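Down below is the structure, laid out as structure tokens.
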Amino acid sequence: MLRHSDIWHALDRLAAENGLTASGLARRAGLDPTTFNKSKRVTRDGKLRWPSTESLAKVLEATGSSLAMFVALIESPAGASRRRRFPVLGYAQAGDPGMFDERGRPTGEHWDEAEFPELDDPTAFGLEISGDSMAPSYRDGDVIIVSPGADVRRGDRVVVRLKTGEFMAKQLQRAGTRRVELAPLNPAHPKLSLATDEIAWMARIIWASQ
């Protein structure tokens, strides 16, 4: 018997195998980014909502997958490969109040979830890129996985949250006792020099979907 949860789980796994969130998969298929969101899978009155055959066809075409491959995702047991569900947030929302604690770990109720390859840090989280401000390093729809627990070294790509609430992704060029030097991921943007006391926290980007 084909269950509602089996179809949606297969869609989530297809997204993960292509390095995408559910919204990123919908966007790649030319659909509204919210088409596959968890909030759309059940109506307000509790009725189960199934993905349409049209949306499934567009997803398979966009990912180069066959119907047989999709059926295999439905039938294969969960956890067959080493994957884990991570909290994921749109990059544009990362500067909003209440999204992180003082150590850079996700908090609040606005986070979604997506399945990606297993990584060591249990506090790791994902950010879904929108727009081309970080091109060519990261493209619209890519997801970066950030580890608050990883050591940060010169040359690492990092996300930085300032005490003002501003949020940015950069490459660490130098970290001194008084100042931190950051290079842009998009060469069209300038380099940045910050006083260390301006920074709330900094965490290393350890994986990107691409």
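The chains in the structure tokens are called A, B, ... from first to last as shown; in each chain the residues are counted from 1, and the ligands are counted from 1 in the order shown.
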Sort by chain and increasing residue number a table of all residues of region 126-159 of chain A within 6 Å of region 85-103 of chain A, each with its closest pair of atoms and their distance in Å to one decimal, counting only C-alpha atoms, and write it as a tab-separated table.
residue	atom	partner	partner_atom	distance
A:Gly126	CA	A:Val88	CA	4.4
A:Leu127	CA	A:Leu89	CA	5.0
A:Glu128	CA	A:Gly90	CA	4.7
A:Ile129	CA	A:Tyr91	CA	5.4
For the residues selected in the previous step, produce a file with N, CA and C atoms as an mmCIF file, in the first residue's frame.
data_model
loop_
_atom_site.group_PDB
_atom_site.id
_atom_site.type_symbol
_atom_site.label_atom_id
_atom_site.label_comp_id
_atom_site.auth_asym_id
_atom_site.auth_seq_id
_atom_site.Cartn_x
_atom_site.Cartn_y
_atom_site.Cartn_z
ATOM 1 N N GLY A 126 21.943 24.192 8.338
ATOM 2 C CA GLY A 126 22.036 24.538 6.927
ATOM 3 C C GLY A 126 21.445 25.908 6.640
ATOM 4 N N LEU A 127 22.009 26.592 5.655
ATOM 5 C CA LEU A 127 21.478 27.857 5.167
ATOM 6 C C LEU A 127 21.268 27.736 3.664
ATOM 7 N N GLU A 128 20.065 28.055 3.212
ATOM 8 C CA GLU A 128 19.752 27.975 1.784
ATOM 9 C C GLU A 128 19.982 29.334 1.134
ATOM 10 N N ILE A 129 20.865 29.358 0.138
ATOM 11 C CA ILE A 129 21.252 30.596 -0.528
ATOM 12 C C ILE A 129 20.139 31.066 -1.460
#
Taking a cut-off of 12 Å and counting only C-alpha atoms, can you build a table that, for each residue of region 143-169 of chain A near region 16-29 of chain A, reports the nearest atom pair and how far apart they are in Å (one decimal), sorted by chain then residue number, as CSV?
residue,atom,partner,partner_atom,distance
A:Val143,CA,A:Leu20,CA,6.4
A:Ile144,CA,A:Gly19,CA,9.4
A:Ile145,CA,A:Gly19,CA,10.8
- Could you work out how far CA of Ala175 (chain A) lies from CA of Arg154 (chain A), giving the answer in Å with one decimal?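 Here the two named atoms are 7.3 Å from each other.
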- Would you please work out which residue, of A:Ile74, A:Ala188, A:Leu172, A:Ala195, is nearest to Trp8 (chain A) when using only C-alpha atoms?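 Counting only C-alpha atoms, the residue closest to Trp8 (chain A) is A:Ile74.
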- Which residues come within 12 Å of Ser5 (chain A), counting only C-alpha atoms, excluding same-chain residues fewer than 6 positions away, as number ranges by chain? A: 11-12, 38, 41-42, 48-51, 74-75, 78
- Task: From a DSSP calculation on the backbone, collect every residue of chain A in strand (DSSP E) and output the set as a PyMOL selection string.
- Result: chain A and resi 83-90+112-117+125-128+143-147+157-162+167-175+179-184+192-195+199-208
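Going from CA of Tyr138 (chain A) over to CA of Glu115 (chain A), you cover 19.0 Å.
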- Message: Using only C-alpha atoms for the distances, tell me which of A:Pro122, A:Pro148, A:Pro106, A:Gly30 is nearest to Leu56 (chain A).
- Response: A:Gly30
- Please, what distance in Å, to one decimal, runs between CA of Ser193 (chain A) and CA of Arg153 (chain A)?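 Computing it gives 16.4 Å between the two atoms.
The shortest atom-to-atom distance to Leu60 (chain A), with only C-alpha atoms taken into account, belongs to A:Leu14 out of A:Leu185, A:Leu14, A:Leu31, A:Val146.
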